[in-house]
Structure formats: structure tokens, C-alpha cells
$ cat start.cif   # mmCIF, C-alpha atoms and all ligand atoms
data_upload
#
loop_
_atom_site.label_atom_id
_atom_site.label_comp_id
_atom_site.auth_asym_id
_atom_site.auth_seq_id
_atom_site.Cartn_x
_atom_site.Cartn_y
_atom_site.Cartn_z
CA MET P 251 29.92 -4.22 6.98
CA VAL P 252 26.22 -4.96 7.18
CA ILE P 253 25.37 -8.44 5.98
CA SER P 254 21.84 -9.09 4.69
CA LEU P 255 20.08 -11.85 6.55
CA ILE P 256 16.60 -13.30 6.73
CA ASP P 257 15.12 -14.69 9.92
CA THR P 258 13.10 -17.46 8.32
CA HIS P 259 11.24 -18.47 11.49
CA ALA P 260 10.06 -15.95 14.08
CA HIS P 261 6.93 -15.90 16.24
CA LEU P 262 6.66 -12.12 16.22
CA ASP P 263 3.00 -12.12 17.23
CA MET P 264 3.66 -13.82 20.57
CA ARG P 265 2.99 -11.93 23.76
CA GLU P 266 6.71 -11.91 24.68
CA PHE P 267 7.01 -9.10 22.09
CA ASP P 268 3.92 -7.13 23.16
CA SER P 269 5.85 -4.49 25.09
CA ASP P 270 8.45 -3.62 22.44
CA ARG P 271 7.55 -5.24 19.11
CA LEU P 272 8.48 -2.22 17.00
CA GLY P 273 11.81 -1.92 18.82
CA VAL P 274 12.49 -5.58 18.10
CA ILE P 275 11.76 -5.06 14.39
CA CYS P 276 14.00 -1.97 14.33
CA ARG P 277 16.88 -3.77 16.04
CA ALA P 278 16.57 -6.56 13.50
CA LYS P 279 16.89 -4.09 10.62
CA GLU P 280 19.90 -2.45 12.26
CA ALA P 281 21.50 -5.88 12.55
CA GLY P 282 21.04 -6.47 8.81
CA VAL P 283 17.99 -8.73 9.11
CA GLU P 284 16.16 -7.38 6.09
CA ARG P 285 13.29 -9.87 6.09
CA ILE P 286 11.49 -11.70 8.86
CA ILE P 287 9.09 -14.56 8.26
CA SER P 288 6.49 -14.48 11.03
CA ILE P 289 5.09 -17.94 11.61
CA GLY P 290 1.51 -18.90 12.43
CA ILE P 291 0.75 -21.74 14.85
CA ASP P 292 -3.05 -21.53 14.82
CA LEU P 293 -5.75 -19.47 13.10
CA LEU P 294 -5.36 -16.50 15.45
CA SER P 295 -1.59 -16.27 15.23
CA SER P 296 -1.75 -16.77 11.46
CA GLU P 297 -4.03 -13.77 11.25
CA ALA P 298 -1.75 -11.83 13.58
CA ALA P 299 1.25 -12.66 11.37
CA ILE P 300 -0.64 -11.28 8.36
CA ASN P 301 -1.49 -8.10 10.26
CA LEU P 302 2.15 -7.64 11.24
CA SER P 303 3.18 -8.14 7.65
CA GLU P 304 0.64 -5.59 6.42
CA SER P 305 1.86 -2.91 8.78
CA ASN P 306 5.63 -3.50 8.63
CA GLU P 307 7.81 -3.54 5.57
CA GLY P 308 10.04 -6.57 5.27
CA ILE P 309 7.82 -8.89 7.29
CA PHE P 310 6.06 -11.81 5.66
CA ALA P 311 3.63 -14.34 7.09
CA THR P 312 3.01 -18.05 7.08
CA VAL P 313 -0.33 -19.54 8.06
CA GLY P 314 -0.80 -22.93 9.61
CA ILE P 315 -1.78 -24.99 12.63
CA HIS P 316 1.02 -26.43 14.78
CA PRO P 317 0.75 -30.09 15.84
CA HIS P 318 0.42 -28.97 19.48
CA ASN P 319 -2.90 -27.44 18.45
CA ALA P 320 -4.14 -30.44 16.50
CA LYS P 321 -6.74 -31.42 19.07
CA GLU P 322 -8.86 -28.31 18.52
CA ALA P 323 -8.39 -28.29 14.75
CA TYR P 324 -11.28 -29.33 12.53
CA LYS P 325 -11.59 -29.85 8.82
CA ARG P 326 -13.68 -26.68 8.58
CA ASP P 327 -10.64 -24.73 9.80
CA MET P 328 -8.98 -25.59 6.51
CA SER P 329 -11.33 -23.31 4.60
CA LYS P 330 -10.52 -20.48 7.05
CA LEU P 331 -6.82 -21.24 6.61
CA GLU P 332 -7.25 -21.24 2.86
CA LYS P 333 -8.84 -17.81 3.00
CA LEU P 334 -5.96 -16.48 5.10
CA ALA P 335 -3.41 -18.15 2.82
CA SER P 336 -4.68 -16.22 -0.19
CA HIS P 337 -3.44 -12.95 1.33
CA PRO P 338 -0.50 -11.57 -0.71
CA CYS P 339 1.75 -11.36 2.40
CA VAL P 340 1.54 -15.13 2.93
CA VAL P 341 4.61 -16.99 1.69
CA ALA P 342 4.08 -20.52 3.06
CA ILE P 343 1.86 -22.94 4.93
CA GLY P 344 3.31 -23.53 8.41
CA GLU P 345 4.23 -24.32 10.88
CA ILE P 346 2.88 -27.78 10.45
CA GLY P 347 4.23 -31.20 11.31
CA LEU P 348 4.48 -33.82 14.02
CA ASP P 349 5.69 -33.56 17.62
CA TYR P 350 6.04 -36.84 19.48
CA HIS P 351 8.36 -35.38 22.12
CA TYR P 352 5.69 -33.62 24.09
CA GLN P 353 2.87 -35.52 22.43
CA LEU P 354 0.33 -33.06 23.74
CA VAL P 355 -1.98 -34.50 21.12
CA ASP P 356 -2.33 -38.12 20.02
CA LYS P 357 -0.45 -39.19 16.90
CA GLN P 358 -3.55 -39.87 14.81
CA SER P 359 -4.92 -36.34 15.29
CA GLN P 360 -1.53 -34.85 14.45
CA ILE P 361 -1.21 -36.92 11.28
CA ARG P 362 -4.74 -36.08 10.17
CA LEU P 363 -4.11 -32.34 10.60
CA LEU P 364 -0.77 -32.57 8.82
CA ASN P 365 -2.36 -34.32 5.84
CA TRP P 366 -5.10 -31.69 5.54
CA GLN P 367 -2.49 -28.94 5.51
CA LEU P 368 -0.23 -30.74 3.04
CA GLU P 369 -3.20 -31.00 0.73
CA LEU P 370 -3.87 -27.29 1.18
CA ALA P 371 -0.24 -26.36 0.44
CA GLU P 372 -0.36 -28.44 -2.70
CA ARG P 373 -3.61 -26.91 -3.87
CA LEU P 374 -2.34 -23.38 -3.29
CA ASN P 375 1.12 -24.21 -4.61
CA LEU P 376 2.77 -22.83 -1.47
CA PRO P 377 5.92 -24.18 0.21
CA ILE P 378 5.66 -25.64 3.72
CA VAL P 379 7.41 -24.88 7.02
CA LEU P 380 7.80 -28.13 8.91
CA HIS P 381 8.18 -28.87 12.59
CA CYS P 382 9.33 -32.37 13.50
CA ARG P 383 10.28 -33.67 16.91
CA GLU P 384 11.05 -37.33 17.41
CA ALA P 385 8.60 -38.16 14.64
CA GLU P 386 10.75 -38.79 11.55
CA GLU P 387 9.59 -42.37 11.45
CA ASP P 388 6.08 -41.17 10.54
CA LEU P 389 6.92 -37.86 8.88
CA LEU P 390 9.35 -39.16 6.25
CA PRO P 391 6.90 -41.66 4.68
CA ILE P 392 4.11 -39.05 4.74
CA LEU P 393 6.34 -36.57 2.93
CA THR P 394 7.60 -39.17 0.49
CA ASN P 395 4.03 -39.92 -0.37
CA TRP P 396 3.16 -36.24 -0.67
CA CYS P 397 6.18 -35.58 -2.88
CA ALA P 398 5.28 -38.43 -5.19
CA GLY P 399 1.90 -37.01 -6.09
CA GLY P 400 0.56 -33.98 -7.88
CA LYS P 401 2.40 -31.11 -9.46
CA LYS P 402 5.19 -30.85 -6.89
CA LYS P 403 7.90 -32.12 -9.20
CA ASP P 404 7.94 -28.72 -10.92
CA SER P 405 7.71 -26.53 -7.87
CA LYS P 406 10.85 -27.25 -5.86
CA PRO P 407 11.96 -26.20 -3.30
CA LEU P 408 9.02 -27.70 -1.43
CA GLY P 409 9.68 -26.23 1.98
CA VAL P 410 11.93 -26.18 5.00
CA ILE P 411 12.54 -28.37 8.04
CA HIS P 412 12.85 -25.82 10.81
CA CYS P 413 15.12 -26.21 13.87
CA PHE P 414 16.74 -29.27 12.38
CA SER P 415 18.62 -31.44 14.86
CA GLY P 416 18.68 -34.82 13.17
CA ASP P 417 21.62 -36.70 11.75
CA LEU P 418 23.14 -36.44 8.30
CA GLU P 419 21.24 -39.39 6.92
CA ILE P 420 17.91 -37.76 7.76
CA ALA P 421 19.09 -34.38 6.44
CA ARG P 422 19.95 -36.04 3.14
CA LYS P 423 16.51 -37.60 2.91
CA TYR P 424 14.83 -34.22 3.33
CA ILE P 425 17.21 -32.54 0.89
CA GLY P 426 16.67 -35.34 -1.63
CA MET P 427 12.92 -34.68 -1.52
CA GLY P 428 13.43 -30.97 -2.17
CA PHE P 429 13.52 -29.40 1.29
CA PHE P 430 15.85 -26.88 2.88
CA ILE P 431 17.31 -27.43 6.33
CA SER P 432 17.03 -24.55 8.77
CA LEU P 433 19.30 -24.01 11.77
CA GLY P 434 19.05 -21.71 14.79
CA ALA P 435 21.19 -20.53 17.67
CA TYR P 436 20.85 -23.91 19.43
CA ILE P 437 23.69 -25.16 17.21
CA GLY P 438 25.98 -23.16 19.51
CA TYR P 439 24.76 -24.86 22.72
CA PRO P 440 27.35 -27.08 24.40
CA SER P 441 24.80 -29.90 24.21
CA ALA P 442 24.62 -29.57 20.40
CA ARG P 443 28.23 -30.35 19.61
CA HIS P 444 27.25 -33.74 18.24
CA LEU P 445 25.39 -31.94 15.42
CA HIS P 446 28.45 -30.13 14.09
CA LYS P 447 29.78 -32.99 12.01
CA SER P 448 26.49 -33.28 10.11
CA ILE P 449 26.16 -29.51 9.77
CA ARG P 450 29.53 -29.36 8.02
CA GLN P 451 28.24 -31.79 5.40
CA ILE P 452 24.99 -30.02 4.55
CA PRO P 453 25.57 -28.07 1.32
CA LEU P 454 25.27 -24.30 1.77
CA ASP P 455 22.73 -24.12 -1.01
CA LYS P 456 20.36 -26.21 1.15
CA LEU P 457 20.66 -24.18 4.36
CA LEU P 458 18.53 -21.48 5.96
CA VAL P 459 18.97 -19.59 9.22
CA GLU P 460 16.27 -18.77 11.77
CA THR P 461 15.74 -17.77 15.39
CA ASP P 462 12.44 -19.48 16.34
CA CYS P 463 12.15 -16.47 18.64
CA PRO P 464 11.03 -15.88 21.37
CA PHE P 465 12.29 -19.44 21.97
CA LEU P 466 15.79 -20.93 21.79
CA PRO P 467 17.96 -17.88 22.49
CA PRO P 468 21.71 -18.00 21.78
CA GLN P 469 23.85 -19.52 24.54
CA LYS P 470 24.83 -16.19 26.07
CA TYR P 471 21.18 -15.11 26.33
CA ARG P 472 19.81 -18.37 27.68
CA GLY P 473 17.01 -17.82 30.13
CA SER P 474 15.89 -14.67 28.32
CA ARG P 475 13.98 -13.89 25.16
CA ASN P 476 15.30 -14.57 21.68
CA GLU P 477 14.71 -12.03 18.87
CA PRO P 478 15.33 -11.74 15.11
CA ALA P 479 18.49 -9.58 15.46
CA PHE P 480 20.17 -12.60 17.07
CA VAL P 481 20.10 -14.53 13.80
CA LYS P 482 23.53 -12.90 13.41
CA ILE P 483 24.81 -15.05 16.25
CA THR P 484 23.72 -18.18 14.40
CA LEU P 485 25.60 -16.91 11.36
CA GLN P 486 28.74 -16.56 13.48
CA ALA P 487 28.24 -20.06 14.91
CA LEU P 488 27.80 -21.50 11.42
CA ALA P 489 31.00 -19.78 10.27
CA ASP P 490 32.87 -21.26 13.23
CA ILE P 491 31.48 -24.75 12.65
CA THR P 492 31.91 -24.90 8.87
CA GLY P 493 35.02 -22.75 8.37
CA ASN P 494 33.12 -20.68 5.80
CA THR P 495 33.06 -16.89 5.94
CA GLN P 496 30.04 -15.17 7.47
CA LYS P 497 29.63 -13.21 4.26
CA ASN P 498 29.48 -16.32 2.14
CA ILE P 499 27.03 -18.08 4.45
CA ALA P 500 24.84 -14.98 4.64
CA GLN P 501 24.73 -14.54 0.88
CA ARG P 502 23.87 -18.16 0.25
CA THR P 503 21.29 -18.62 3.00
CA THR P 504 19.61 -15.32 2.14
CA ALA P 505 19.44 -16.31 -1.53
CA ASN P 506 17.94 -19.66 -0.48
CA ALA P 507 15.26 -17.92 1.56
CA TYR P 508 14.40 -15.64 -1.36
CA GLN P 509 14.05 -18.68 -3.56
CA LEU P 510 11.95 -20.73 -1.13
CA PHE P 511 9.51 -17.99 -0.17
CA LYS P 512 9.56 -16.37 -3.63
CA LEU P 513 10.37 -12.98 -2.14
CA GLU P 514 10.90 -10.01 -4.37
CA VAL P 515 14.47 -8.77 -4.35
CA MET P 516 14.88 -5.45 -2.54
CA ASP P 517 16.12 -2.45 -4.52
ZN ZN R 601 8.24 -22.21 15.52
#
$ encode --input "start.cif" --output "C-alpha cells" --more "lines below"
Ligand SMILES: [Zn+2]
Amino acid sequence: MVISLIDTHAHLDMREFDSDRLGVICRAKEAGVERIISIGIDLLSSEAAINLSESNEGIFATVGIHPHNAKEAYKRDMSKLEKLASHPCVVAIGEIGLDYHYQLVDKQSQIRLLNWQLELAERLNLPIVLHCREAEEDLLPILTNWCAGGKKKDSKPLGVIHCFSGDLEIARKYIGMGFFISLGAYIGYPSARHLHKSIRQIPLDKLLVETDCPFLPPQKYRGSRNEPAFVKITLQALADITGNTQKNIAQRTTANAYQLFKLEVMD
């Protein structure tokens, strides 16, 4: 049985895929991964994601500037991003957010960039793909504020928190605002057992699956490259953790991804 899945977070443009990108895309299709969302982290990779989407069926793009790149981001980049975002293959603004773990860039610059991009997403009425590491304390109030304004009340779901590893209380806050929670293969790492209790409590209709490839490969591939076909392994892990069937989880998470990114249903 082939189960339809969507890898909602892949960095397909990265150089790790340069030698065999088409093979990677083919393997994903064979594994039942019918859609891949290729994620931008700066202007160049956003453009690359669009190019990949134009030349490969089933691939869609997001455009955005990652907090790691906040130092070199200027307000004028927002008009370039806006231009890219108007391309029909673009399904979201992302990945955007705050990263206080590495803190490659000072908090103020990260927050400023995030606010510019939130404003852009609102103006273009696009959902957002969020990255948050050890920064909930600042991110939650910013999002609460963002959610309170404008036309967003009518346009839920608002976006997704990718690679979620917080506790249930934080998950509920995001869900309450109108966000999905996305999980990757890291939920199967021995060090991630403490997440399982919360994962069991997140309603299936709020979950997405992703790889974040080439990063965060499944346990048995650690040390090597991750790729979209491996989203299947996350499905298996989720079935083991929640006691749900793979088929049920796949159907629900795929339907959620269609809804969030407003994808057209395949014939
Ligand atoms: Zn990412």
C-alpha cells in the first residue's frame, strides 16, 4: 500500500543535494511523498526553491529569511521577498522566526526581521513557516500580537511551527492561535523520549510531518543526509508513539498540509 504523504519542510536547494537532486525527488515519489515544500532561508535559496518548483511537479516553495541570516537582512530585502512571494508556486512565507540557541545574530535584529516578514505575510495573506529555538518567551507575545491584528481571524490556519520540541503547554498556545505543529524524525531519537507524552496529546488535526532535510536524519541514518523519502520513518514513529495507524496519521497530516498551504488536490 502506498500512503500519500507531504514533506512540509525540506531544504531541497541545499548543496547536499547537488549531486543527485532528481534521484532524491524520484525516491520521494516512490515512497509516496506526493508533495514537497522546499523552504527558503534567504533571498537566494528562496529563488532556488521557486526554480525547483517550476521545473518539478509536486514541489512547492516558501520564501523567507531565516533568523540566522538576520544580520545581513535589510528592509529593502522585503520588497525583493514580496516580488518572489507573488510567484504562483509560493505557498508560504518562511522559514522565519527566532533562534536564541545559537544566537548567531543579536535578538533585536532577529525580532526586527521577524516583524517585517510577519507584516509581509499578513499583507499577502500567506501562511507562515516558523522556526523557534529557545525563544518562546519572545516569540509567543509577538505572535499573539500579530494574531490580534488585521484580517487574520478569517484566514486560519495561520502557519506551522516546524521541528516542534516544546512541551504540551506551549503546543496548546500555538494551536490556540491557529498554528499547526510539525514533527520530524528527531521524535524517534533516544534523547527525544520526553516529548512522547506531549505528542500523544496533540490532536491529529493539528499535526504535520516534515524532514527538515538534509538535516535531522532518522536515528538509523544519523551522521548521513536526510531526504524527503524518509518522512515515512517519521510516520512510523508517530504511529508507534500515538498508537494510531500509519494510514490514519498519513491521511490526516496530508489533509492538514493541503489545507495550510492551499494546495490543489491531485487527480
Ligand atoms: Zn528548516
$ atom_distance --input "start.cif" --atom1 "atom CA of Asp455 of chain P" --atom2 "atom CA of Val341 of chain P"
19.7 Å
$ atom_distance --input "start.cif" --atom1 "atom CA of Ile437 of chain P" --atom2 "atom CA of Ala342 of chain P"
24.6 Å
$ residues_near_ligand --input "start.cif" --ligand "ligand ZN 601 (chain R)" --cutoff "12 Å" --atoms "only C-alpha atoms and all ligand atoms" --output "ChimeraX atom specification"
/P:257-264,287-292,295,312-318,344-347,349,379-383,410-414,432-434,460-466
$ residues_near_point --input "start.cif" --point "(28.3, -17.7, 18.4)" --cutoff "10 Å" --atoms "all atoms listed in the file" --output "CSV table (one decimal) with C-alpha atoms, in the frame of the given file"
chain,number,residue,atom,x,y,z
P,435,ALA,CA,21.2,-20.5,17.7
P,436,TYR,CA,20.8,-23.9,19.4
P,437,ILE,CA,23.7,-25.2,17.2
P,438,GLY,CA,26.0,-23.2,19.5
P,439,TYR,CA,24.8,-24.9,22.7
P,468,PRO,CA,21.7,-18.0,21.8
P,469,GLN,CA,23.8,-19.5,24.5
P,470,LYS,CA,24.8,-16.2,26.1
P,480,PHE,CA,20.2,-12.6,17.1
P,481,VAL,CA,20.1,-14.5,13.8
P,482,LYS,CA,23.5,-12.9,13.4
P,483,ILE,CA,24.8,-15.0,16.2
P,484,THR,CA,23.7,-18.2,14.4
P,485,LEU,CA,25.6,-16.9,11.4
P,486,GLN,CA,28.7,-16.6,13.5
P,487,ALA,CA,28.2,-20.1,14.9
P,488,LEU,CA,27.8,-21.5,11.4
P,489,ALA,CA,31.0,-19.8,10.3
P,490,ASP,CA,32.9,-21.3,13.2
P,491,ILE,CA,31.5,-24.8,12.6
$ atom_distance --input "start.cif" --atom1 "atom CA of Leu458 of chain P" --atom2 "atom CA of Glu372 of chain P"
21.9 Å
$ residues_near_point --input "start.cif" --point "(20.4, -1.0, 8.2)" --cutoff "12 Å" --atoms "only C-alpha atoms" --output "ChimeraX atom specification"
/P:251-255,275-285,479
$ closest_residue --input "start.cif" --among "P:Leu334, P:Leu513, P:Val274, P:Val459" --to "Ile499 of chain P" --atoms "only C-alpha atoms"
P:Val459
$ residues_around --input "start.cif" --residues "segment 389-400 of chain P" --least-positions-apart "3" --cutoff "9 Å" --atoms "all atoms listed in the file" --output "MDAnalysis selection string"
chainID P and resid 347:348 361 365 368:369 372 382 385:386 403 408 420 423:424 427:428
$ residues_around --input "start.cif" --residues "Lys456 of chain P" --least-positions-apart "3" --cutoff "7 Å" --atoms "all atoms listed in the file" --output "list in words"
Phe430, Ile431, Ile452 and Pro453 of chain P
$ write_last_selection --input "start.cif" --atoms "C-alpha atoms" --output "compact mmCIF listing (two decimals), keeping the file's coordinate frame"
# COMPACT_ATOMS: atom_id res chain seq x y z
CA PHE P 430 15.85 -26.88 2.88
CA ILE P 431 17.31 -27.43 6.33
CA ILE P 452 24.99 -30.02 4.55
CA PRO P 453 25.57 -28.07 1.32
$ closest_residue --input "start.cif" --among "P:Ile343, P:Leu376, P:Ile425, P:Ile300" --to "Gln451 of chain P" --atoms "all atoms listed in the file"
P:Ile425
$ axis_aligned_box --input "start.cif" --around "segment 295-307 of chain P" --padding-each-side "5 Å" --output "AutoDock Vina command-line options"
--center_x 1.9 --center_y -9.8 --center_z 10.4 --size_x 21.8 --size_y 23.9 --size_z 19.7
$ closest_residue --input "start.cif" --among "P:Tyr352, P:Ala421, P:Ile378, P:Ala320" --to "Val340 of chain P" --atoms "only C-alpha atoms"
P:Ile378
$ closest_residue --input "start.cif" --among "P:Leu354, P:Ala335, P:Leu457, P:Leu272" --to "Asn506 of chain P" --atoms "only C-alpha atoms"
P:Leu457
$ closest_residue --input "start.cif" --among "P:Leu293, P:Leu510, P:Ala311, P:Leu445" --to "Ser405 of chain P" --atoms "only C-alpha atoms"
P:Leu510
$ build_atoms --input "start.cif" --residues "segment 256-281 of chain P" --atoms "N, CA and C atoms" --output "mmCIF file, in the frame of the given file"
data_model
loop_
_atom_site.group_PDB
_atom_site.id
_atom_site.type_symbol
_atom_site.label_atom_id
_atom_site.label_comp_id
_atom_site.auth_asym_id
_atom_site.auth_seq_id
_atom_site.Cartn_x
_atom_site.Cartn_y
_atom_site.Cartn_z
ATOM 1 N N ILE P 256 18.050 -13.125 6.593
ATOM 2 C CA ILE P 256 16.600 -13.300 6.730
ATOM 3 C C ILE P 256 16.350 -14.235 7.908
ATOM 4 N N ASP P 257 15.545 -13.781 8.856
ATOM 5 C CA ASP P 257 15.120 -14.690 9.920
ATOM 6 C C ASP P 257 13.921 -15.446 9.365
ATOM 7 N N THR P 258 14.149 -16.717 9.030
ATOM 8 C CA THR P 258 13.100 -17.460 8.320
ATOM 9 C C THR P 258 12.063 -18.073 9.254
ATOM 10 N N HIS P 259 12.226 -17.876 10.578
ATOM 11 C CA HIS P 259 11.240 -18.470 11.490
ATOM 12 C C HIS P 259 11.197 -17.685 12.793
ATOM 13 N N ALA P 260 10.230 -16.763 12.875
ATOM 14 C CA ALA P 260 10.060 -15.950 14.080
ATOM 15 C C ALA P 260 8.594 -15.952 14.460
ATOM 16 N N HIS P 261 8.325 -15.990 15.765
ATOM 17 C CA HIS P 261 6.930 -15.900 16.240
ATOM 18 C C HIS P 261 6.713 -14.491 16.773
ATOM 19 N N LEU P 262 6.712 -13.535 15.844
ATOM 20 C CA LEU P 262 6.660 -12.120 16.220
ATOM 21 C C LEU P 262 5.357 -11.713 16.873
ATOM 22 N N ASP P 263 4.297 -12.504 16.655
ATOM 23 C CA ASP P 263 3.000 -12.120 17.230
ATOM 24 C C ASP P 263 2.892 -12.505 18.704
ATOM 25 N N MET P 264 3.825 -13.305 19.209
ATOM 26 C CA MET P 264 3.660 -13.820 20.570
ATOM 27 C C MET P 264 3.754 -12.723 21.619
ATOM 28 N N ARG P 265 3.132 -12.998 22.764
ATOM 29 C CA ARG P 265 2.990 -11.930 23.760
ATOM 30 C C ARG P 265 4.330 -11.478 24.330
ATOM 31 N N GLU P 266 5.371 -12.301 24.207
ATOM 32 C CA GLU P 266 6.710 -11.910 24.680
ATOM 33 C C GLU P 266 7.181 -10.625 23.998
ATOM 34 N N PHE P 267 6.585 -10.303 22.822
ATOM 35 C CA PHE P 267 7.010 -9.100 22.090
ATOM 36 C C PHE P 267 6.020 -7.937 22.258
ATOM 37 N N ASP P 268 4.971 -8.147 23.068
ATOM 38 C CA ASP P 268 3.920 -7.130 23.160
ATOM 39 C C ASP P 268 4.453 -5.764 23.616
ATOM 40 N N SER P 269 5.432 -5.777 24.509
ATOM 41 C CA SER P 269 5.850 -4.490 25.090
ATOM 42 C C SER P 269 6.781 -3.699 24.178
ATOM 43 N N ASP P 270 7.448 -4.359 23.230
ATOM 44 C CA ASP P 270 8.450 -3.620 22.440
ATOM 45 C C ASP P 270 8.600 -4.158 21.014
ATOM 46 N N ARG P 271 7.473 -4.583 20.414
ATOM 47 C CA ARG P 271 7.550 -5.240 19.110
ATOM 48 C C ARG P 271 8.231 -4.366 18.051
ATOM 49 N N LEU P 272 7.883 -3.087 18.027
ATOM 50 C CA LEU P 272 8.480 -2.220 17.000
ATOM 51 C C LEU P 272 9.979 -2.058 17.221
ATOM 52 N N GLY P 273 10.378 -1.991 18.485
ATOM 53 C CA GLY P 273 11.810 -1.920 18.820
ATOM 54 C C GLY P 273 12.538 -3.159 18.343
ATOM 55 N N VAL P 274 11.900 -4.304 18.525
ATOM 56 C CA VAL P 274 12.490 -5.580 18.100
ATOM 57 C C VAL P 274 12.688 -5.583 16.578
ATOM 58 N N ILE P 275 11.690 -5.090 15.856
ATOM 59 C CA ILE P 275 11.760 -5.060 14.390
ATOM 60 C C ILE P 275 12.861 -4.087 13.946
ATOM 61 N N CYS P 276 12.960 -2.956 14.639
ATOM 62 C CA CYS P 276 14.000 -1.970 14.330
ATOM 63 C C CYS P 276 15.384 -2.536 14.568
ATOM 64 N N ARG P 277 15.561 -3.191 15.715
ATOM 65 C CA ARG P 277 16.880 -3.770 16.040
ATOM 66 C C ARG P 277 17.275 -4.814 14.998
ATOM 67 N N ALA P 278 16.289 -5.553 14.521
ATOM 68 C CA ALA P 278 16.570 -6.560 13.500
ATOM 69 C C ALA P 278 17.112 -5.870 12.243
ATOM 70 N N LYS P 279 16.442 -4.813 11.826
ATOM 71 C CA LYS P 279 16.890 -4.090 10.620
ATOM 72 C C LYS P 279 18.298 -3.562 10.794
ATOM 73 N N GLU P 280 18.550 -2.983 11.988
ATOM 74 C CA GLU P 280 19.900 -2.450 12.260
ATOM 75 C C GLU P 280 20.956 -3.550 12.200
ATOM 76 N N ALA P 281 20.555 -4.752 12.550
ATOM 77 C CA ALA P 281 21.500 -5.880 12.550
ATOM 78 C C ALA P 281 21.628 -6.510 11.157
#
